Amino acid sequence: MIMAKKKEEKKEYTLEDLPGVGSATAEKLRDAGYTDLIELAVASPKDLADIAGIGEGAAQKIIAAARKYANVGQFETGDVIYERRKKMTKLTTASKNFDELLGGGLESQSITELFGEFGSGKTQIVHQLAVNVQLPVDKGGLDGHVIFIDTENTFRPERIAQMAEALGLNPEEVLKKIHVARAFNSHHQMLMVDKAMELAKEYPVRLLIVDSLTAHFRAEYVGRGSLAERQQLLNRHMHDLLRFADINNAVVAVTNQVSSKPDMFYGDPTTPIGGNIVAHNATYRLYIRKSRGNKRIVRLIDSPALPDGEVVINITTEGIRDP
Ligand code: ADP
Ligand code: MG
């Protein structure tokens with residue numbers, strides 16, 4: 001809340017406001033992923049000099065000015081953080097086993113990443129969450145609206161209706177509380193988080209879904225030369241998502257593919273896209289694997305406070321259920 005208010009009161013500076021940055025340099029910087037002042041404020045002078053084709057002295061001046069103008073954030077005392085964490089809630093998955101794996105469900109104020117190969121059930125799970133979040137709190141819901149950023153055109157209202165009916169909810173009412181936006185490329189996708197922040201002032205949004213988090217980034221930034229830029233943008237995107245989760249006490253659920261070709265940093269044949277940037281920004285990482293028939297294995301990986309573990313779920317007509 002505090003951060004959102006601050007932002008409104010403050011003049012928004014752009015790259016062009018910085019000393020020695022004309023439109024040509026600004027464009028170069030934006031192309032390199034330095035799209036706002038905070039990214040420049042934390043850049044290294046050498047990287048910046050290389051990318052913008054300027055001297056290191058000039059780069060240092062830009063960075064110093066960016067530090068002055070950027071909204072770098074502020075310190076919070078422990079009691080404020082404690083108050084916020086006390087409001088943290090859990091969203092049910094509709095499977096008791098799955099909920100237990102997560103210590104009660106998906107946590108608000110966090111990012112939960114679902115990764116797995118094509119057809120593993122990631123989109124099914126986020127559809128289920130979009131319904132569940134509308135349940136009353138005593139039924140494991142958060143009594144809230146949903147924002148669904150759809151990058152692969154796989155949102156299906158018919159599927160929502162099936163899942164809603166199975167839980168005794170009115171499908172039409174449920175669909176009215178799901179705000180869906182297609183994102184046509186990675187920049188559009190990032191912009192939609194700003195829009196989501198606006199929408200959350202109007203509706204009690206308690207769940208933000210990005211399905212898929214990484215597909216556009218992966219398709220657009222191919223080859224070694226663009227990796228750094230892709231990672232930088234993904235990092236910023238995930239920070240925006242986390243900020244959304246904090247400010248709205250919302251659950252953020254994102255999906256991610258695994259690559260059969262090794263992505264950066266990992267040599268594992270089934271490694272999630274986005275390397276350590278996605279890994280470090282997701283509070284909970286779930287690896288979904290196909291099993292026999294409609295069974296899926298869900299594995300919790302690297303959680304800060306929960307033991308690693310595995311459960312089996314079923315994908316049925318009604319939605320996600322215990323076997
Ligand atoms: P991902 O998003 O990981 O690529 P999906 O979530 O799209 O995978 O999962 C697709 C799978 O979900 C299908 O192969 C099927 O097994 C299951 N599924 C989809 N719709 C239904 C349904 N109406 N009833 C039962 N199972 C379904
Ligand atoms: Mg999918």
# chains A, B, ... in the order shown; residues from 1 in each chain; ligands from 1
$ closest_atom_pairs --of "chain A" --to "ligand 2" --cutoff "8 Å" --atoms "only C-alpha atoms and all ligand atoms" --output "JSON lines"
{"residue": "A:Phe118", "atom": "CA", "partner": "ligand 2", "partner_atom_place_in_ligand_line": "1 (Mg)", "distance": 6.8}
{"residue": "A:Gly119", "atom": "CA", "partner": "ligand 2", "partner_atom_place_in_ligand_line": "1 (Mg)", "distance": 6.8}
{"residue": "A:Gly121", "atom": "CA", "partner": "ligand 2", "partner_atom_place_in_ligand_line": "1 (Mg)", "distance": 6.9}
{"residue": "A:Lys122", "atom": "CA", "partner": "ligand 2", "partner_atom_place_in_ligand_line": "1 (Mg)", "distance": 5.5}
{"residue": "A:Thr123", "atom": "CA", "partner": "ligand 2", "partner_atom_place_in_ligand_line": "1 (Mg)", "distance": 4.1}
{"residue": "A:Gln124", "atom": "CA", "partner": "ligand 2", "partner_atom_place_in_ligand_line": "1 (Mg)", "distance": 7.4}
{"residue": "A:Glu152", "atom": "CA", "partner": "ligand 2", "partner_atom_place_in_ligand_line": "1 (Mg)", "distance": 7.3}
{"residue": "A:Thr154", "atom": "CA", "partner": "ligand 2", "partner_atom_place_in_ligand_line": "1 (Mg)", "distance": 6.4}
{"residue": "A:Asp211", "atom": "CA", "partner": "ligand 2", "partner_atom_place_in_ligand_line": "1 (Mg)", "distance": 6.7}
{"residue": "A:Ser212", "atom": "CA", "partner": "ligand 2", "partner_atom_place_in_ligand_line": "1 (Mg)", "distance": 7.0}
{"residue": "A:Thr255", "atom": "CA", "partner": "ligand 2", "partner_atom_place_in_ligand_line": "1 (Mg)", "distance": 7.6}
$ closest_atom_pairs --of "chain A" --to "ligand 1" --cutoff "9 Å" --atoms "only C-alpha atoms and all ligand atoms" --output "CSV"
residue,atom,partner,partner_atom_place_in_ligand_line,distance
A:Leu114,CA,ligand 1,3 (O),8.6
A:Phe115,CA,ligand 1,3 (O),7.6
A:Gly116,CA,ligand 1,3 (O),6.1
A:Glu117,CA,ligand 1,3 (O),5.9
A:Phe118,CA,ligand 1,4 (O),3.7
A:Gly119,CA,ligand 1,8 (O),3.3
A:Ser120,CA,ligand 1,3 (O),3.9
A:Gly121,CA,ligand 1,6 (O),3.1
A:Lys122,CA,ligand 1,3 (O),3.8
A:Thr123,CA,ligand 1,6 (O),3.5
A:Gln124,CA,ligand 1,6 (O),3.8
A:Ile125,CA,ligand 1,6 (O),6.4
A:Val126,CA,ligand 1,6 (O),8.0
A:His127,CA,ligand 1,6 (O),8.4
A:Thr154,CA,ligand 1,7 (O),7.4
A:Glu158,CA,ligand 1,23 (N),8.8
A:Arg159,CA,ligand 1,23 (N),6.3
A:Gln162,CA,ligand 1,23 (N),7.8
A:Met163,CA,ligand 1,23 (N),8.9
A:Asp211,CA,ligand 1,2 (O),8.0
A:Ser212,CA,ligand 1,2 (O),8.4
A:Thr255,CA,ligand 1,2 (O),7.8
A:Asn256,CA,ligand 1,3 (O),8.5
A:Gln257,CA,ligand 1,3 (O),7.7
A:Ile288,CA,ligand 1,3 (O),7.9
A:Arg289,CA,ligand 1,3 (O),8.9
A:Lys290,CA,ligand 1,16 (O),8.8
A:Gly293,CA,ligand 1,16 (O),7.6
A:Asn294,CA,ligand 1,16 (O),5.7
A:Lys295,CA,ligand 1,16 (O),8.5
A:Asn314,CA,ligand 1,26 (N),8.5
A:Ile315,CA,ligand 1,26 (N),5.1
A:Thr316,CA,ligand 1,25 (C),4.2
A:Thr317,CA,ligand 1,24 (N),3.7
A:Glu318,CA,ligand 1,24 (N),7.0
A:Gly319,CA,ligand 1,24 (N),6.9
A:Ile320,CA,ligand 1,26 (N),8.9
$ closest_atom_pairs --of "range 2-54 of chain A" --to "range 66-70 of chain A" --cutoff "9 Å" --atoms "only C-alpha atoms" --output "Markdown table"
| residue | atom | partner | partner_atom | distance |
| --- | --- | --- | --- | --- |
| A:Glu12 | CA | A:Tyr69 | CA | 8.6 |
| A:Tyr13 | CA | A:Tyr69 | CA | 6.8 |
| A:Leu15 | CA | A:Ala66 | CA | 8.2 |
| A:Leu18 | CA | A:Ala66 | CA | 6.9 |
| A:Asp36 | CA | A:Ala70 | CA | 8.2 |
| A:Leu37 | CA | A:Ala70 | CA | 5.2 |
| A:Ile38 | CA | A:Ala70 | CA | 5.3 |
| A:Glu39 | CA | A:Ala66 | CA | 8.5 |
| A:Leu40 | CA | A:Ala66 | CA | 6.1 |
| A:Ala41 | CA | A:Arg67 | CA | 4.6 |
| A:Val42 | CA | A:Arg67 | CA | 7.8 |
$ write_last_selection --atoms "all heavy atoms" --output "CSV table (one decimal), in the first residue's frame"
chain,number,residue,atom,x,y,z
A,12,GLU,N,7.0,10.8,-12.1
A,12,GLU,CA,7.6,9.6,-12.7
A,12,GLU,C,8.7,10.1,-13.6
A,12,GLU,O,8.5,10.8,-14.6
A,12,GLU,CB,6.6,8.8,-13.5
A,12,GLU,CG,5.7,8.0,-12.6
A,12,GLU,CD,6.3,6.7,-12.2
A,12,GLU,OE1,7.4,6.3,-12.7
A,12,GLU,OE2,5.8,6.0,-11.3
A,13,TYR,N,10.0,9.8,-13.3
A,13,TYR,CA,11.1,10.2,-14.2
A,13,TYR,C,11.3,9.1,-15.3
A,13,TYR,O,11.0,7.9,-15.0
A,13,TYR,CB,12.4,10.3,-13.4
A,13,TYR,CG,12.3,11.5,-12.5
A,13,TYR,CD1,11.9,11.4,-11.2
A,13,TYR,CD2,12.7,12.8,-13.0
A,13,TYR,CE1,11.9,12.6,-10.4
A,13,TYR,CE2,12.7,13.9,-12.2
A,13,TYR,CZ,12.2,13.8,-10.9
A,13,TYR,OH,12.2,14.9,-10.1
A,15,LEU,N,13.9,7.6,-18.6
A,15,LEU,CA,15.4,7.6,-18.9
A,15,LEU,C,15.9,8.9,-19.5
A,15,LEU,O,17.0,9.3,-19.2
A,15,LEU,CB,15.6,6.4,-19.9
A,15,LEU,CG,16.0,5.0,-19.4
A,15,LEU,CD1,15.0,4.6,-18.2
A,15,LEU,CD2,16.0,4.0,-20.4
A,18,LEU,N,17.6,11.7,-17.5
A,18,LEU,CA,18.9,11.6,-17.0
A,18,LEU,C,20.0,12.4,-17.7
A,18,LEU,O,19.8,12.6,-19.0
A,18,LEU,CB,19.4,10.1,-17.0
A,18,LEU,CG,18.5,9.2,-16.1
A,18,LEU,CD1,18.8,7.7,-16.4
A,18,LEU,CD2,18.6,9.5,-14.6
A,36,ASP,N,13.6,0.9,-16.9
A,36,ASP,CA,13.3,2.0,-16.0
A,36,ASP,C,14.4,2.3,-15.0
A,36,ASP,O,15.5,1.6,-15.0
A,36,ASP,CB,11.9,1.8,-15.2
A,36,ASP,CG,12.0,0.7,-14.2
A,36,ASP,OD1,13.1,0.3,-13.7
A,36,ASP,OD2,10.9,0.1,-13.9
A,37,LEU,N,14.3,3.3,-14.2
A,37,LEU,CA,15.4,3.9,-13.5
A,37,LEU,C,16.0,2.9,-12.5
A,37,LEU,O,17.2,3.0,-12.2
A,37,LEU,CB,15.0,5.2,-12.8
A,37,LEU,CG,14.6,6.3,-13.8
A,37,LEU,CD1,14.2,7.6,-13.0
A,37,LEU,CD2,15.7,6.6,-14.8
A,38,ILE,N,15.2,2.1,-11.9
A,38,ILE,CA,15.7,1.2,-10.9
A,38,ILE,C,16.7,0.3,-11.4
A,38,ILE,O,17.7,-0.1,-10.8
A,38,ILE,CB,14.5,0.5,-10.1
A,38,ILE,CG1,15.0,-0.4,-9.0
A,38,ILE,CG2,13.7,-0.4,-11.1
A,38,ILE,CD1,15.5,0.4,-7.8
A,39,GLU,N,16.5,-0.2,-12.7
A,39,GLU,CA,17.5,-1.1,-13.3
A,39,GLU,C,18.8,-0.4,-13.6
A,39,GLU,O,19.9,-1.0,-13.5
A,39,GLU,CB,16.9,-1.7,-14.6
A,39,GLU,CG,15.9,-2.8,-14.3
A,39,GLU,CD,14.7,-2.8,-15.3
A,39,GLU,OE1,14.7,-2.0,-16.2
A,39,GLU,OE2,13.9,-3.7,-15.0
A,40,LEU,N,18.7,0.9,-13.9
A,40,LEU,CA,19.9,1.7,-14.1
A,40,LEU,C,20.6,1.9,-12.8
A,40,LEU,O,21.8,1.9,-12.7
A,40,LEU,CB,19.6,3.0,-14.8
A,40,LEU,CG,19.3,2.9,-16.3
A,40,LEU,CD1,18.8,4.2,-16.8
A,40,LEU,CD2,20.6,2.5,-17.1
A,41,ALA,N,19.8,2.2,-11.8
A,41,ALA,CA,20.4,2.5,-10.5
A,41,ALA,C,21.2,1.3,-9.9
A,41,ALA,O,22.2,1.6,-9.2
A,41,ALA,CB,19.2,2.8,-9.5
A,42,VAL,N,20.9,0.1,-10.3
A,42,VAL,CA,21.6,-1.0,-9.8
A,42,VAL,C,22.6,-1.6,-10.8
A,42,VAL,O,23.1,-2.7,-10.6
A,42,VAL,CB,20.7,-2.1,-9.2
A,42,VAL,CG1,19.9,-1.5,-8.0
A,42,VAL,CG2,19.8,-2.7,-10.3
$ atom_distance --atom1 "CA of Asp50 in chain A" --atom2 "CA of Ser23 in chain A"
17.6 Å
$ atom_distance --atom1 "CA of Leu208 in chain A" --atom2 "CA of Pro307 in chain A"
25.4 Å
$ residues_around --residues "range 269-283 of chain A" --least-positions-apart "4" --cutoff "9 Å" --atoms "only C-alpha atoms" --output "PyMOL selection string"
chain A and resi 110-113+115-117+214-215+217-218+230-232+234-235+238-239+242+254+256-265+287+302-304
$ select_by_dssp --residues "range 102-292 of chain A" --states "alpha helix (DSSP H)" --output "ChimeraX atom specification"
/A:122-132,157-166,171-176,186-202,215-220,227-247,275-281
$ atom_distance --atom1 "CA of Arg206 in chain A" --atom2 "CA of Pro157 in chain A"
19.1 Å
$ residues_around --residues "Val251 in chain A" --least-positions-apart "6" --cutoff "10 Å" --atoms "only C-alpha atoms" --output "VMD selection string"
chain A and resid 88 to 91 106 to 112 129 133 142 146 205 to 209 241 to 242 244 to 245
$ residues_around --residues "Leu101 in chain A" --least-positions-apart "2" --cutoff "8 Å" --atoms "only C-alpha atoms" --output "JSON, numbers by chain"
{"A": [97, 98, 99, 103, 104, 105, 300, 309, 310, 311]}
$ write_last_selection --atoms "C-alpha atoms" --output "JSON list (two decimals), in the first residue's frame"
[["chain", "number", "residue", "atom", "x", "y", "z"],
["A", 97, "ASN", "CA", -2.92, -34.47, -0.57],
["A", 98, "PHE", "CA", -1.79, -31.55, -2.70],
["A", 99, "ASP", "CA", -2.81, -29.07, 0.02],
["A", 103, "GLY", "CA", 1.32, -26.97, 4.23],
["A", 104, "GLY", "CA", -2.34, -26.14, 3.65],
["A", 105, "GLY", "CA", -2.49, -24.76, 0.09],
["A", 300, "LEU", "CA", 7.64, -29.82, -4.11],
["A", 309, "GLY", "CA", 7.90, -34.33, -1.03],
["A", 310, "GLU", "CA", 5.65, -35.87, -3.65],
["A", 311, "VAL", "CA", 1.93, -36.55, -3.96]]
$ residues_around --residues "Asp194 in chain A" --least-positions-apart "2" --cutoff "12 Å" --atoms "only C-alpha atoms" --output "compact mmCIF listing (two decimals) with all heavy atoms, in the first residue's frame"
# COMPACT_ATOMS: atom_id res chain seq x y z
N ALA A 4 2.55 1.83 -3.30
CA ALA A 4 1.64 2.24 -4.36
C ALA A 4 1.32 3.73 -4.23
O ALA A 4 1.30 4.46 -5.21
CB ALA A 4 0.37 1.43 -4.32
N ILE A 147 -7.19 -12.66 -11.72
CA ILE A 147 -6.67 -12.13 -12.99
C ILE A 147 -5.88 -13.25 -13.64
O ILE A 147 -5.03 -13.89 -13.00
CB ILE A 147 -5.80 -10.88 -12.76
CG1 ILE A 147 -6.69 -9.72 -12.29
CG2 ILE A 147 -5.05 -10.51 -14.04
CD1 ILE A 147 -5.94 -8.47 -11.93
N ILE A 149 -3.56 -14.02 -16.82
CA ILE A 149 -2.78 -13.57 -17.98
C ILE A 149 -2.46 -14.80 -18.82
O ILE A 149 -1.73 -15.70 -18.39
CB ILE A 149 -1.51 -12.81 -17.55
CG1 ILE A 149 -1.89 -11.58 -16.70
CG2 ILE A 149 -0.70 -12.39 -18.78
CD1 ILE A 149 -0.71 -10.80 -16.15
N HIS A 187 6.68 -8.18 -23.72
CA HIS A 187 6.49 -6.82 -23.23
C HIS A 187 5.04 -6.59 -22.84
O HIS A 187 4.74 -5.97 -21.82
CB HIS A 187 6.94 -5.79 -24.27
CG HIS A 187 8.41 -5.53 -24.21
ND1 HIS A 187 9.31 -6.19 -25.01
CD2 HIS A 187 9.13 -4.71 -23.42
CE1 HIS A 187 10.54 -5.77 -24.70
NE2 HIS A 187 10.45 -4.88 -23.74
N HIS A 188 4.15 -7.09 -23.67
CA HIS A 188 2.73 -7.01 -23.39
C HIS A 188 2.41 -7.72 -22.07
O HIS A 188 1.67 -7.20 -21.23
CB HIS A 188 1.98 -7.65 -24.57
CG HIS A 188 0.51 -7.42 -24.55
ND1 HIS A 188 -0.35 -8.17 -25.32
CD2 HIS A 188 -0.25 -6.56 -23.86
CE1 HIS A 188 -1.59 -7.75 -25.09
NE2 HIS A 188 -1.55 -6.78 -24.21
N GLN A 189 3.01 -8.86 -21.90
CA GLN A 189 2.82 -9.65 -20.67
C GLN A 189 3.25 -8.86 -19.43
O GLN A 189 2.56 -8.85 -18.41
CB GLN A 189 3.63 -10.94 -20.81
CG GLN A 189 3.56 -11.89 -19.63
CD GLN A 189 4.40 -13.13 -19.89
OE1 GLN A 189 4.60 -13.55 -21.04
NE2 GLN A 189 4.92 -13.73 -18.83
N MET A 190 4.38 -8.19 -19.53
CA MET A 190 4.87 -7.40 -18.40
C MET A 190 3.96 -6.21 -18.12
O MET A 190 3.69 -5.88 -16.96
CB MET A 190 6.30 -6.93 -18.67
CG MET A 190 7.28 -8.09 -18.66
SD MET A 190 8.96 -7.61 -19.13
CE MET A 190 9.46 -6.71 -17.67
N LEU A 191 3.48 -5.62 -19.19
CA LEU A 191 2.57 -4.48 -19.06
C LEU A 191 1.28 -4.89 -18.37
O LEU A 191 0.68 -4.11 -17.62
CB LEU A 191 2.28 -3.94 -20.47
CG LEU A 191 1.74 -2.53 -20.58
CD1 LEU A 191 2.75 -1.53 -20.06
CD2 LEU A 191 1.39 -2.24 -22.04
N MET A 192 0.84 -6.11 -18.61
CA MET A 192 -0.41 -6.59 -18.02
C MET A 192 -0.34 -6.65 -16.49
O MET A 192 -1.37 -6.59 -15.83
CB MET A 192 -0.81 -7.96 -18.58
CG MET A 192 -1.27 -7.99 -20.03
SD MET A 192 -2.26 -6.58 -20.56
CE MET A 192 -3.77 -6.87 -19.65
N ALA A 196 -2.98 -5.12 -14.07
CA ALA A 196 -3.54 -5.95 -12.99
C ALA A 196 -3.56 -5.15 -11.69
O ALA A 196 -4.53 -5.20 -10.92
CB ALA A 196 -2.73 -7.24 -12.83
N MET A 197 -2.51 -4.39 -11.46
CA MET A 197 -2.41 -3.57 -10.26
C MET A 197 -3.56 -2.56 -10.23
O MET A 197 -4.14 -2.31 -9.18
CB MET A 197 -1.05 -2.88 -10.26
CG MET A 197 -0.54 -2.52 -8.91
SD MET A 197 -0.09 -3.95 -7.91
CE MET A 197 1.67 -3.98 -8.22
N GLU A 198 -3.87 -2.00 -11.39
CA GLU A 198 -4.99 -1.05 -11.50
C GLU A 198 -6.31 -1.76 -11.18
O GLU A 198 -7.12 -1.27 -10.41
CB GLU A 198 -5.06 -0.48 -12.92
CG GLU A 198 -3.91 0.42 -13.29
CD GLU A 198 -3.87 1.68 -12.43
OE1 GLU A 198 -4.94 2.30 -12.28
OE2 GLU A 198 -2.80 2.01 -11.88
N LEU A 199 -6.50 -2.90 -11.81
CA LEU A 199 -7.75 -3.65 -11.67
C LEU A 199 -7.98 -4.08 -10.22
O LEU A 199 -9.11 -4.13 -9.74
CB LEU A 199 -7.69 -4.90 -12.57
CG LEU A 199 -9.02 -5.50 -13.02
CD1 LEU A 199 -9.79 -4.52 -13.89
CD2 LEU A 199 -8.78 -6.80 -13.78
N ALA A 200 -6.88 -4.34 -9.53
CA ALA A 200 -6.98 -4.80 -8.14
C ALA A 200 -7.42 -3.68 -7.20
O ALA A 200 -7.75 -3.94 -6.04
CB ALA A 200 -5.65 -5.39 -7.70
N LYS A 201 -7.42 -2.45 -7.70
CA LYS A 201 -7.96 -1.36 -6.88
C LYS A 201 -9.49 -1.35 -6.97
O LYS A 201 -10.16 -0.80 -6.11
CB LYS A 201 -7.41 -0.01 -7.38
CG LYS A 201 -5.94 0.18 -7.05
CD LYS A 201 -5.42 1.50 -7.59
CE LYS A 201 -3.91 1.57 -7.44
NZ LYS A 201 -3.31 2.50 -8.42
N HIS A 237 10.04 -8.84 -14.26
CA HIS A 237 8.66 -9.32 -14.33
C HIS A 237 8.28 -10.03 -13.02
O HIS A 237 7.22 -9.78 -12.45
CB HIS A 237 8.55 -10.28 -15.52
CG HIS A 237 7.17 -10.75 -15.83
ND1 HIS A 237 6.06 -9.95 -15.69
CD2 HIS A 237 6.71 -11.95 -16.27
CE1 HIS A 237 4.98 -10.63 -16.04
NE2 HIS A 237 5.34 -11.86 -16.38
N HIS A 239 9.68 -9.67 -10.10
CA HIS A 239 9.61 -8.71 -9.00
C HIS A 239 8.27 -7.98 -8.99
O HIS A 239 7.67 -7.76 -7.94
CB HIS A 239 10.76 -7.70 -9.10
CG HIS A 239 12.05 -8.26 -8.61
ND1 HIS A 239 13.22 -7.55 -8.61
CD2 HIS A 239 12.35 -9.47 -8.10
CE1 HIS A 239 14.19 -8.30 -8.13
NE2 HIS A 239 13.69 -9.47 -7.81
N ASP A 240 7.79 -7.63 -10.19
CA ASP A 240 6.47 -6.99 -10.29
C ASP A 240 5.37 -7.92 -9.77
O ASP A 240 4.44 -7.48 -9.10
CB ASP A 240 6.17 -6.62 -11.76
CG ASP A 240 7.05 -5.48 -12.27
OD1 ASP A 240 7.70 -4.82 -11.44
OD2 ASP A 240 7.08 -5.28 -13.50
N LEU A 241 5.50 -9.19 -10.10
CA LEU A 241 4.49 -10.17 -9.65
C LEU A 241 4.51 -10.31 -8.13
O LEU A 241 3.47 -10.37 -7.48
CB LEU A 241 4.74 -11.53 -10.31
CG LEU A 241 4.47 -11.61 -11.81
CD1 LEU A 241 4.96 -12.93 -12.39
CD2 LEU A 241 2.97 -11.43 -12.10
N ARG A 243 5.49 -8.09 -6.01
CA ARG A 243 4.96 -6.86 -5.46
C ARG A 243 3.43 -6.90 -5.48
O ARG A 243 2.76 -6.50 -4.53
CB ARG A 243 5.49 -5.67 -6.28
CG ARG A 243 5.09 -4.36 -5.72
CD ARG A 243 5.98 -3.24 -6.25
NE ARG A 243 5.31 -1.98 -5.97
CZ ARG A 243 4.58 -1.33 -6.84
NH1 ARG A 243 4.45 -1.77 -8.08
NH2 ARG A 243 3.99 -0.20 -6.50
N PHE A 244 2.87 -7.41 -6.58
CA PHE A 244 1.42 -7.57 -6.66
C PHE A 244 0.92 -8.48 -5.53
O PHE A 244 -0.07 -8.18 -4.87
CB PHE A 244 1.02 -8.16 -8.03
CG PHE A 244 -0.47 -8.29 -8.19
CD1 PHE A 244 -1.20 -7.30 -8.84
CD2 PHE A 244 -1.16 -9.38 -7.67
CE1 PHE A 244 -2.58 -7.40 -8.96
CE2 PHE A 244 -2.55 -9.49 -7.79
CZ PHE A 244 -3.25 -8.49 -8.44
$ closest_residue --among "A:Ala166, A:Lys87, A:Asn249, A:Ala183" --to "Gly144 in chain A" --atoms "only C-alpha atoms"
A:Asn249
$ closest_residue --among "A:Ile247, A:Val174, A:Ala253, A:Leu29" --to "Arg84 in chain A" --atoms "only C-alpha atoms"
A:Ile247
$ closest_residue --among "A:Glu202, A:Glu83, A:Glu27, A:Glu173" --to "Gln134 in chain A" --atoms "only C-alpha atoms"
A:Glu173
$ residues_around --residues "Thr25 in chain A" --least-positions-apart "2" --cutoff "10 Å" --atoms "only C-alpha atoms" --output "ChimeraX atom specification"
/A:15-16,20-23,27-31,51-54
$ write_last_selection --atoms "C-alpha atoms" --output "PDB file, in the first residue's frame"
ATOM      1  CA  LEU A  15      15.351   7.558 -18.922  1.00  0.00           C
ATOM      2  CA  GLU A  16      15.423  10.764 -20.967  1.00  0.00           C
ATOM      3  CA  GLY A  20      23.583  12.838 -21.088  1.00  0.00           C
ATOM      4  CA  VAL A  21      20.759  10.533 -22.135  1.00  0.00           C
ATOM      5  CA  GLY A  22      19.104  11.601 -25.368  1.00  0.00           C
ATOM      6  CA  SER A  23      16.502   9.636 -27.257  1.00  0.00           C
ATOM      7  CA  GLU A  27      16.463   3.599 -26.965  1.00  0.00           C
ATOM      8  CA  LYS A  28      19.698   1.623 -26.745  1.00  0.00           C
ATOM      9  CA  LEU A  29      19.229   1.236 -23.017  1.00  0.00           C
ATOM     10  CA  ARG A  30      15.629   0.110 -23.360  1.00  0.00           C
ATOM     11  CA  ASP A  31      16.597  -2.395 -26.032  1.00  0.00           C
ATOM     12  CA  ILE A  51      25.798  -1.637 -23.871  1.00  0.00           C
ATOM     13  CA  ALA A  52      25.207   2.054 -24.478  1.00  0.00           C
ATOM     14  CA  GLY A  53      28.529   2.625 -26.242  1.00  0.00           C
ATOM     15  CA  ILE A  54      29.532   5.415 -23.844  1.00  0.00           C
TER      16      ILE A  54
END
$ closest_residue --among "A:Ile178, A:Val131, A:Leu167, A:Leu227" --to "Phe148 in chain A" --atoms "only C-alpha atoms"
A:Ile178
